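**Q** This is the content of run32.cif (mmCIF, C-alpha atoms):
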```cif
data_model
#
loop_
_atom_site.label_atom_id
_atom_site.label_comp_id
_atom_site.auth_asym_id
_atom_site.auth_seq_id
_atom_site.Cartn_x
_atom_site.Cartn_y
_atom_site.Cartn_z
CA MET A 25 -47.87 82.57 59.30
CA ALA A 26 -45.33 84.76 61.09
CA ILE A 27 -42.09 85.40 59.19
CA LYS A 28 -39.54 82.72 59.93
CA HIS A 29 -35.88 82.83 58.94
CA PHE A 30 -33.28 80.03 58.59
CA LEU A 31 -30.04 81.69 59.64
CA GLN A 32 -28.49 78.88 61.68
CA PHE A 33 -29.43 75.27 62.30
CA ARG A 34 -30.91 75.83 65.74
CA ASP A 35 -33.51 78.25 64.30
CA PHE A 36 -35.72 75.18 63.71
CA THR A 37 -36.88 72.52 66.15
CA ARG A 38 -36.34 68.81 65.71
CA ASP A 39 -40.03 68.47 64.84
CA GLU A 40 -39.65 71.02 62.06
CA PHE A 41 -36.61 69.23 60.67
CA GLU A 42 -38.43 65.90 60.73
CA TYR A 43 -41.20 67.52 58.69
CA LEU A 44 -38.68 69.05 56.26
CA LEU A 45 -36.89 65.72 55.81
CA TRP A 46 -40.20 63.95 55.16
CA ARG A 47 -41.24 66.70 52.76
CA THR A 48 -37.89 66.49 50.98
CA ARG A 49 -38.46 62.82 50.24
CA TRP A 50 -41.89 63.58 48.78
CA ILE A 51 -40.65 66.50 46.66
CA LYS A 52 -37.65 64.52 45.41
CA ASN A 53 -39.88 61.61 44.45
CA GLU A 54 -42.20 63.93 42.51
CA PHE A 55 -39.20 65.40 40.70
CA LYS A 56 -37.74 61.98 39.85
CA SER A 57 -41.17 60.86 38.60
CA TYR A 58 -41.46 63.89 36.28
CA ARG A 59 -44.56 65.16 38.06
CA LYS A 60 -44.99 68.93 38.10
CA HIS A 61 -45.02 70.50 41.56
CA TRP A 62 -45.43 74.28 41.35
CA PRO A 63 -46.50 75.53 44.80
CA LEU A 64 -44.44 78.73 44.44
CA CYS A 65 -45.85 79.88 41.11
CA ASP A 66 -45.41 83.67 40.76
CA ARG A 67 -43.13 83.81 43.82
CA THR A 68 -39.67 85.39 43.57
CA LEU A 69 -36.44 84.41 45.29
CA VAL A 70 -33.63 86.96 45.43
CA MET A 71 -30.16 85.41 45.80
CA ILE A 72 -27.47 87.76 47.13
CA PHE A 73 -23.89 86.58 46.73
CA GLU A 74 -20.86 88.15 48.33
CA LYS A 75 -18.98 84.82 48.27
CA ALA A 76 -18.54 82.80 45.08
CA SER A 77 -20.59 79.64 44.64
CA THR A 78 -21.42 76.74 42.35
CA ARG A 79 -23.68 74.39 44.33
CA THR A 80 -25.49 77.09 46.32
CA ARG A 81 -26.45 79.17 43.30
CA LEU A 82 -27.37 76.22 41.11
CA SER A 83 -29.41 74.42 43.77
CA PHE A 84 -31.41 77.50 44.81
CA GLU A 85 -31.92 78.80 41.27
CA ALA A 86 -32.90 75.42 39.81
CA GLY A 87 -34.94 74.62 42.91
CA MET A 88 -37.01 77.79 42.70
CA HIS A 89 -37.61 77.19 39.00
CA GLN A 90 -38.73 73.61 39.68
CA LEU A 91 -41.21 74.92 42.27
CA GLY A 92 -42.74 77.22 39.65
CA GLY A 93 -41.11 80.44 40.85
CA THR A 94 -38.40 82.81 39.68
CA ALA A 95 -34.88 83.34 41.06
CA ILE A 96 -32.96 86.62 40.66
CA TYR A 97 -29.18 86.64 41.09
CA LEU A 98 -27.51 89.65 42.70
CA ASN A 99 -23.78 89.96 43.29
CA THR A 100 -22.76 92.61 45.80
CA ARG A 101 -20.10 93.87 43.34
CA ASP A 102 -22.87 94.69 40.86
CA SER A 103 -25.37 96.23 43.27
CA GLN A 104 -25.60 99.16 45.66
CA LEU A 105 -24.65 96.80 48.52
CA GLY A 106 -21.17 96.79 47.03
CA ARG A 107 -21.15 100.60 46.96
CA GLY A 108 -21.82 101.16 50.62
CA GLU A 109 -25.61 101.00 50.88
CA PRO A 110 -26.50 100.02 54.47
CA VAL A 111 -27.60 96.41 54.84
CA GLU A 112 -30.71 97.62 56.66
CA ASP A 113 -31.76 99.84 53.74
CA ALA A 114 -31.14 97.10 51.20
CA ALA A 115 -33.26 94.68 53.25
CA GLN A 116 -36.16 97.13 53.32
CA VAL A 117 -36.13 97.54 49.54
CA ILE A 118 -35.33 93.98 48.44
CA SER A 119 -37.91 92.43 50.76
CA ARG A 120 -40.64 94.69 49.32
CA MET A 121 -39.91 93.38 45.81
CA SER A 122 -39.55 89.67 46.51
CA ASP A 123 -41.01 86.80 48.52
CA LEU A 124 -37.84 85.14 49.79
CA VAL A 125 -34.16 86.08 50.13
CA MET A 126 -31.09 83.84 50.25
CA ILE A 127 -27.75 85.40 51.23
CA ARG A 128 -24.23 83.96 50.94
CA THR A 129 -21.83 86.31 52.69
CA PHE A 130 -19.01 86.63 55.21
CA GLU A 131 -19.95 87.62 58.77
CA GLN A 132 -23.10 86.17 60.32
CA GLU A 133 -23.85 89.66 61.62
CA ILE A 134 -24.58 90.81 58.05
CA ILE A 135 -27.34 88.28 57.51
CA GLU A 136 -28.74 88.86 61.00
CA ARG A 137 -29.01 92.60 60.30
CA PHE A 138 -30.65 91.93 56.95
CA ALA A 139 -33.20 89.54 58.47
CA ALA A 140 -34.04 92.02 61.24
CA ASN A 141 -35.15 94.52 58.57
CA SER A 142 -36.73 92.09 56.10
CA ARG A 143 -40.45 91.68 55.45
CA VAL A 144 -39.88 88.19 53.98
CA PRO A 145 -38.04 85.01 55.09
CA VAL A 146 -34.25 85.02 54.83
CA ILE A 147 -32.11 81.91 54.30
CA ASN A 148 -28.43 81.55 55.14
CA GLY A 149 -26.69 80.25 52.02
CA LEU A 150 -23.36 80.31 53.93
CA THR A 151 -21.55 82.62 56.32
CA ASN A 152 -18.19 82.39 58.04
CA GLU A 153 -19.96 80.98 61.09
CA TYR A 154 -22.65 78.63 59.73
CA HIS A 155 -23.75 76.58 56.71
CA PRO A 156 -27.18 75.22 57.74
CA CYS A 157 -28.49 74.26 54.28
CA GLN A 158 -25.48 72.02 53.70
CA ILE A 159 -25.89 70.17 57.00
CA LEU A 160 -29.60 69.71 56.30
CA ALA A 161 -28.64 68.08 52.99
CA ASP A 162 -26.01 65.94 54.73
CA ILE A 163 -28.50 64.64 57.28
CA CYS A 164 -31.00 63.97 54.50
CA THR A 165 -28.35 61.98 52.63
CA TYR A 166 -27.44 59.94 55.70
CA ILE A 167 -31.10 59.06 56.29
CA GLU A 168 -31.52 58.03 52.65
CA HIS A 169 -28.63 55.58 52.94
CA ARG A 170 -28.71 54.42 56.55
CA GLY A 171 -31.96 55.52 58.22
CA CYS A 172 -32.48 57.63 61.35
CA ILE A 173 -29.46 59.65 62.51
CA GLN A 174 -30.62 59.89 66.13
CA GLY A 175 -28.15 58.14 68.43
CA LYS A 176 -25.52 57.74 65.70
CA THR A 177 -21.94 59.04 65.74
CA VAL A 178 -20.63 61.58 63.23
CA ALA A 179 -16.89 62.28 63.03
CA TRP A 180 -15.67 65.70 61.99
CA VAL A 181 -12.01 65.81 60.87
CA GLY A 182 -10.36 69.12 60.02
CA ASP A 183 -11.04 72.81 60.52
CA ALA A 184 -13.42 74.14 63.18
CA ASN A 185 -15.21 76.13 60.49
CA ASN A 186 -18.80 76.97 59.61
CA MET A 187 -19.51 73.33 58.73
CA CYS A 188 -18.19 72.11 62.06
CA ASN A 189 -20.14 74.78 63.96
CA THR A 190 -23.34 73.74 62.24
CA TRP A 191 -22.71 70.04 62.91
CA LEU A 192 -22.35 70.94 66.60
CA GLN A 193 -25.75 72.62 66.56
CA ALA A 194 -27.30 69.76 64.57
CA ALA A 195 -26.03 67.15 67.04
CA GLU A 196 -27.82 68.98 69.83
CA VAL A 197 -31.07 69.48 67.89
CA MET A 198 -31.23 66.04 66.25
CA ASP A 199 -29.79 64.06 69.20
CA PHE A 200 -26.69 62.39 67.82
CA LYS A 201 -23.01 62.37 68.84
CA LEU A 202 -20.32 64.46 67.13
CA ASN A 203 -16.67 63.47 67.46
CA VAL A 204 -14.42 66.41 66.59
CA SER A 205 -10.72 66.41 65.79
CA THR A 206 -8.93 69.59 64.72
CA PRO A 207 -5.24 70.53 64.63
CA PRO A 208 -3.77 72.44 67.60
CA GLY A 209 -4.61 76.12 67.29
CA TYR A 210 -7.78 75.43 65.28
CA GLU A 211 -9.99 74.10 68.07
CA ILE A 212 -13.76 74.49 68.29
CA LYS A 213 -15.27 77.26 70.41
CA PRO A 214 -18.71 75.85 71.30
CA GLU A 215 -19.57 78.69 73.65
CA LEU A 216 -19.37 81.21 70.78
CA ILE A 217 -22.15 79.40 68.90
CA GLY A 218 -24.31 78.92 71.97
CA ILE A 219 -23.45 75.29 72.79
CA VAL A 220 -23.57 74.86 76.56
CA ASP A 221 -24.51 71.16 76.87
CA ARG A 222 -21.36 69.16 76.03
CA SER A 223 -23.12 65.79 76.06
CA HIS A 224 -23.56 65.72 72.27
CA PHE A 225 -19.92 66.17 71.27
CA GLU A 226 -16.43 64.98 72.23
CA VAL A 227 -13.04 66.38 71.22
CA PHE A 228 -10.14 64.14 70.14
CA ALA A 229 -6.51 65.09 69.58
CA ASP A 230 -6.01 62.19 67.17
CA PRO A 231 -8.36 62.14 64.15
CA ARG A 232 -8.23 58.34 64.07
CA ASP A 233 -9.73 58.27 67.55
CA ALA A 234 -12.50 60.60 66.40
CA CYS A 235 -13.33 58.22 63.54
CA ARG A 236 -13.30 55.09 65.67
CA GLY A 237 -16.79 53.57 65.62
CA ALA A 238 -18.29 56.48 63.64
CA ASP A 239 -21.30 56.00 61.37
CA LEU A 240 -20.39 58.99 59.22
CA VAL A 241 -17.03 60.67 58.58
CA ASN A 242 -17.10 64.25 57.35
CA THR A 243 -14.45 66.78 56.39
CA ASP A 244 -13.97 70.02 54.45
CA VAL A 245 -11.20 71.99 52.79
CA TRP A 246 -8.38 73.11 55.06
CA THR A 247 -8.69 76.74 53.97
CA SER A 248 -12.19 78.21 53.75
CA MET A 249 -13.05 81.26 51.62
CA GLY A 250 -11.72 84.41 53.21
CA PHE A 251 -8.70 82.69 54.78
CA GLU A 252 -6.61 82.16 51.65
CA ALA A 253 -3.67 84.11 53.12
CA GLU A 254 -3.27 81.30 55.68
CA ASN A 255 -3.15 78.56 53.05
CA GLU A 256 0.51 77.51 53.40
CA VAL A 257 0.45 77.65 57.21
CA ARG A 258 -2.72 75.57 57.26
CA ARG A 259 -1.33 73.05 54.79
CA GLU A 260 1.45 72.26 57.26
CA ALA A 261 -0.77 72.32 60.37
CA PHE A 262 -3.44 70.04 58.85
CA ALA A 263 -1.12 67.46 57.27
CA SER A 264 -2.19 64.69 59.68
CA TRP A 265 -5.91 65.49 59.25
CA CYS A 266 -6.27 63.98 55.79
CA VAL A 267 -9.09 61.41 55.69
CA ASP A 268 -7.51 58.33 54.13
CA GLY A 269 -8.19 54.61 53.96
CA PRO A 270 -6.71 53.70 57.38
CA MET A 271 -8.72 56.50 59.02
CA MET A 272 -11.96 55.30 57.39
CA ARG A 273 -11.22 51.76 58.56
CA GLU A 274 -11.42 53.02 62.15
CA ALA A 275 -15.10 53.83 61.50
CA HIS A 276 -17.89 51.25 61.22
CA ARG A 277 -17.57 48.99 58.20
CA ASP A 278 -20.67 50.55 56.65
CA ALA A 279 -19.77 54.14 57.59
CA LEU A 280 -20.39 56.82 55.00
CA PHE A 281 -18.00 59.56 53.90
CA MET A 282 -19.20 63.09 53.11
CA HIS A 283 -17.61 66.31 51.91
CA CYS A 284 -19.54 69.51 51.05
CA LEU A 285 -17.26 70.14 48.01
CA PRO A 286 -15.25 71.42 46.28
CA ALA A 287 -12.61 68.94 47.42
CA HIS A 288 -8.84 68.83 47.09
CA ARG A 289 -7.78 65.22 46.63
CA GLY A 290 -4.51 64.59 48.43
CA GLU A 291 -5.12 67.34 51.00
CA GLU A 292 -8.17 66.94 53.29
CA VAL A 293 -9.14 63.60 51.68
CA THR A 294 -7.49 60.99 49.51
CA ALA A 295 -8.87 59.95 46.13
CA GLU A 296 -9.22 56.43 47.54
CA VAL A 297 -11.84 57.69 50.00
CA ILE A 298 -13.77 60.37 48.10
CA ASP A 299 -13.99 58.20 44.98
CA GLY A 300 -14.46 55.00 46.96
CA PRO A 301 -17.56 52.92 47.77
CA GLN A 302 -18.25 54.61 51.11
CA SER A 303 -18.40 58.09 49.60
CA VAL A 304 -21.83 59.62 48.99
CA VAL A 305 -20.64 63.10 48.03
CA TRP A 306 -22.60 63.23 44.76
CA ASP A 307 -25.88 62.26 46.45
CA GLU A 308 -25.02 64.81 49.13
CA ALA A 309 -24.52 67.55 46.52
CA GLU A 310 -27.76 66.70 44.71
CA ASN A 311 -29.74 66.75 47.94
CA ARG A 312 -28.97 70.44 48.40
CA LEU A 313 -31.50 70.95 45.59
CA HIS A 314 -34.26 68.91 47.21
CA VAL A 315 -33.91 69.98 50.86
CA GLN A 316 -33.84 73.63 49.81
CA LYS A 317 -37.02 73.16 47.80
CA ALA A 318 -38.69 71.78 50.92
CA LEU A 319 -37.22 74.63 52.97
CA MET A 320 -38.43 77.37 50.62
CA GLU A 321 -41.88 75.83 50.41
CA TYR A 322 -42.10 75.61 54.20
CA LEU A 323 -40.93 79.18 54.80
CA LEU A 324 -43.53 80.56 52.39
CA LEU A 325 -46.48 78.18 52.79
CA GLY A 326 -46.00 76.40 56.11
CA ARG A 327 -46.69 72.69 56.49
CA ILE A 328 -48.38 70.88 53.62
CA GLU A 329 -49.77 67.48 54.46
CA THR A 330 -49.76 65.38 51.30
CA LYS A 331 -51.55 62.04 51.25
#
```
Just dump the structure as structure tokens.

**A**
Amino acid sequence: MAIKHFLQFRDFTRDEFEYLLWRTRWIKNEFKSYRKHWPLCDRTLVMIFEKASTRTRLSFEAGMHQLGGTAIYLNTRDSQLGRGEPVEDAAQVISRMSDLVMIRTFEQEIIERFAANSRVPVINGLTNEYHPCQILADICTYIEHRGCIQGKTVAWVGDANNMCNTWLQAAEVMDFKLNVSTPPGYEIKPELIGIVDRSHFEVFADPRDACRGADLVNTDVWTSMGFEAENEVRREAFASWCVDGPMMREAHRDALFMHCLPAHRGEEVTAEVIDGPQSVVWDEAENRLHVQKALMEYLLLGRIETK
């Protein structure tokens, strides 16, 4: 099978995602039933971190172990990448000593350059522009709780960050509607991420309008990693974009709430919401493990039809 990378959500087709979501259910069921599933025995995943992480490292490292393989952690501060080695050179070397690479870094350009020089599949563990593994887990979680996401409405409240960008791509690929509400000065730029067809999203000045009739309400921290210097300015600008009880009541009665975590209760979401009955954030976090297992298996072995 030709080398395939997962650098942004639109790298896969809807058919591929439907397979991955089906495969995730099967792999998760095997795991919950304590049945060994080791398709990646003797395979090695290299995880390169330039940005700190809890869920990304744990889910990939545990996931590779549960598939029978080995995961190696590299931090750019402790490797030659942190001492000026060209990304292209590092890709040539690392990809000759491993079977799969996951990178969590800043600019999308870095991971694109690495993938262009890699002999093995590369996965985006997060960049400033995109967070495709998280959105795949979010969609998986929605389907687990409510069924097919096609034709549904997802509300995004908060910063037009990598999560929002990836939701925009996912809406186009998976055929659902995204309602977006961001503070003035923090608007989405769909053309920069290749979104030309505006039929799958709508922009709202008032976050309550974005949530009205939504099947899923999603938010993230007001200040993403790398933008900490803007924290106080953002705190003031985003004050009205806190997902609270009244905002959730604008959504459908059975709407779900998601947050990729870590969360700041009292800022982007109230404790009433994130700890309330509509919140599925812990299922969402766990599903990073299972969707990434399906993703790694697919990138290395292709489709596996299990009876």

**Q** Excluding Glu329 in chain A and any residue of its chain fewer than 5 positions from it, enumerate the residues within 12 Å of it, using only C-alpha atoms, and give them as a list in words.

**A**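 Skipping anything fewer than 5 positions along the chain leaves Tyr43, Leu44, Trp46, Arg47, Trp50 and Tyr322 of chain A.
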
**Q** Need the shell around Lys52 in chain A: protein/DNA/RNA residues with any atom at most 10 Å away, counting only C-alpha atoms. Skip same-chain ones fewer than 5 positions apart. Format as a PyMOL selection string?

**A** chain A and resi 47+57-58+311+313-315+317-318

**Q** Apply the PyMOL selection byres ((chain A and resi 235) around 7) to the displayed file and report the matching residues as number ranges by chain.

**A** A: 179, 231-234, 236-238, 241, 271-272, 274-275

**Q** Find the residues near Met198 in chain A: any atom within 12 Å, counting all atoms listed in the file, skip ones fewer than 5 places away on the same chain, and give them as a VMD selection string.

**A** chain A and resid 33 to 34 36 to 42 45 159 to 160 163 to 164 172 to 178 190 to 193 224

**Q** Under the PyMOL selection byres ((chain A and resi 143) around 7), which residues of this model are included? Write them out as a ChimeraX atom specification.

**A** /A:119-120,141-142,144

**Q** Between CA of Tyr166 in chain A and CA of Cys188 in chain A, measure the distance and give it in Å to one decimal.

**A**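 Atom-to-atom, CA of Tyr166 in chain A to CA of Cys188 in chain A, that is 16.6 Å.
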
**Q** Hey, what's within 8 Å of Asp66 in chain A if we count only C-alpha atoms and toss same-chain stuff fewer than 3 positions away? As a PyMOL selection string, please?

**A** chain A and resi 92-94

**Q** Between A:Gln32, A:Ser248, A:Gln158, A:Thr165, which one has atoms that come closest to Ser83 in chain A, using all atoms listed in the file?

**A**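 Going through A:Gln32, A:Ser248, A:Gln158, A:Thr165 one by one, the smallest distance to Ser83 in chain A is for A:Gln158.
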
**Q** Got a sec: who's within 8 Å of Ser122 in chain A, counting all atoms listed in the file, leaving out chain neighbours fewer than 5 positions off, as a PyMOL selection string?

**A** chain A and resi 67-70+144

**Q** From the list A:Arg259, A:His29, A:Arg273, A:Arg312, which residue is nearest Gly182 in chain A when using all atoms listed in the file?

**A** A:Arg259

**Q** Calculate how many Å separate CA of Gly171 in chain A from CA of Pro214 in chain A, rounding to one decimal.

**A**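 Answer for the CA of Gly171 in chain A to CA of Pro214 in chain A separation: 27.6 Å.
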
**Q** Distance CA of Thr151 in chain A-CA of Arg258 in chain A, one decimal place?

**A**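 Separating CA of Thr151 in chain A from CA of Arg258 in chain A is a distance of 20.1 Å.
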
**Q** Which residue, A:Ile212, A:Arg49, A:Val197, A:Thr129, has the smallest gap to Thr80 in chain A when you use only C-alpha atoms?

**A** A:Thr129

**Q** Which is closer to Ile147 in chain A than all the others in A:Phe84, A:Phe281, A:Phe251, A:Phe200, using all atoms listed in the file?

**A** A:Phe84

**Q** Looking at A:Ile96, A:Ala76, A:Leu202, A:Ala194, which one is nearest to Ser223 in chain A, with distances taken over only C-alpha atoms?

**A**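 Closest to Ser223 in chain A, using only C-alpha atoms: A:Leu202.
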
**Q** In terms of the shortest atom-to-atom distance over only C-alpha atoms, which of A:Lys213, A:His288, A:His169, A:Arg101 is closest to Ser303 in chain A?

**A**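 Of A:Lys213, A:His288, A:His169, A:Arg101, the one nearest Ser303 in chain A, counting only C-alpha atoms, is A:His169.
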
**Q** Let me know the residues the PyMOL selection byres ((chain A and resi 136) around 12) catches in the file above, as a list in words.

**A**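 Selected by the PyMOL selection byres ((chain A and resi 136) around 12) in this file: His29, Phe30, Leu31, Gln32, Val111, Glu112, Ala115, Ile127, Thr129, Phe130, Glu131, Gln132, Glu133, Ile134, Ile135, Arg137, Phe138, Ala139, Ala140, Asn141, Ser142, Pro145, Val146, Ile147, Asn148, Thr151, Glu153 and Tyr154 of chain A.
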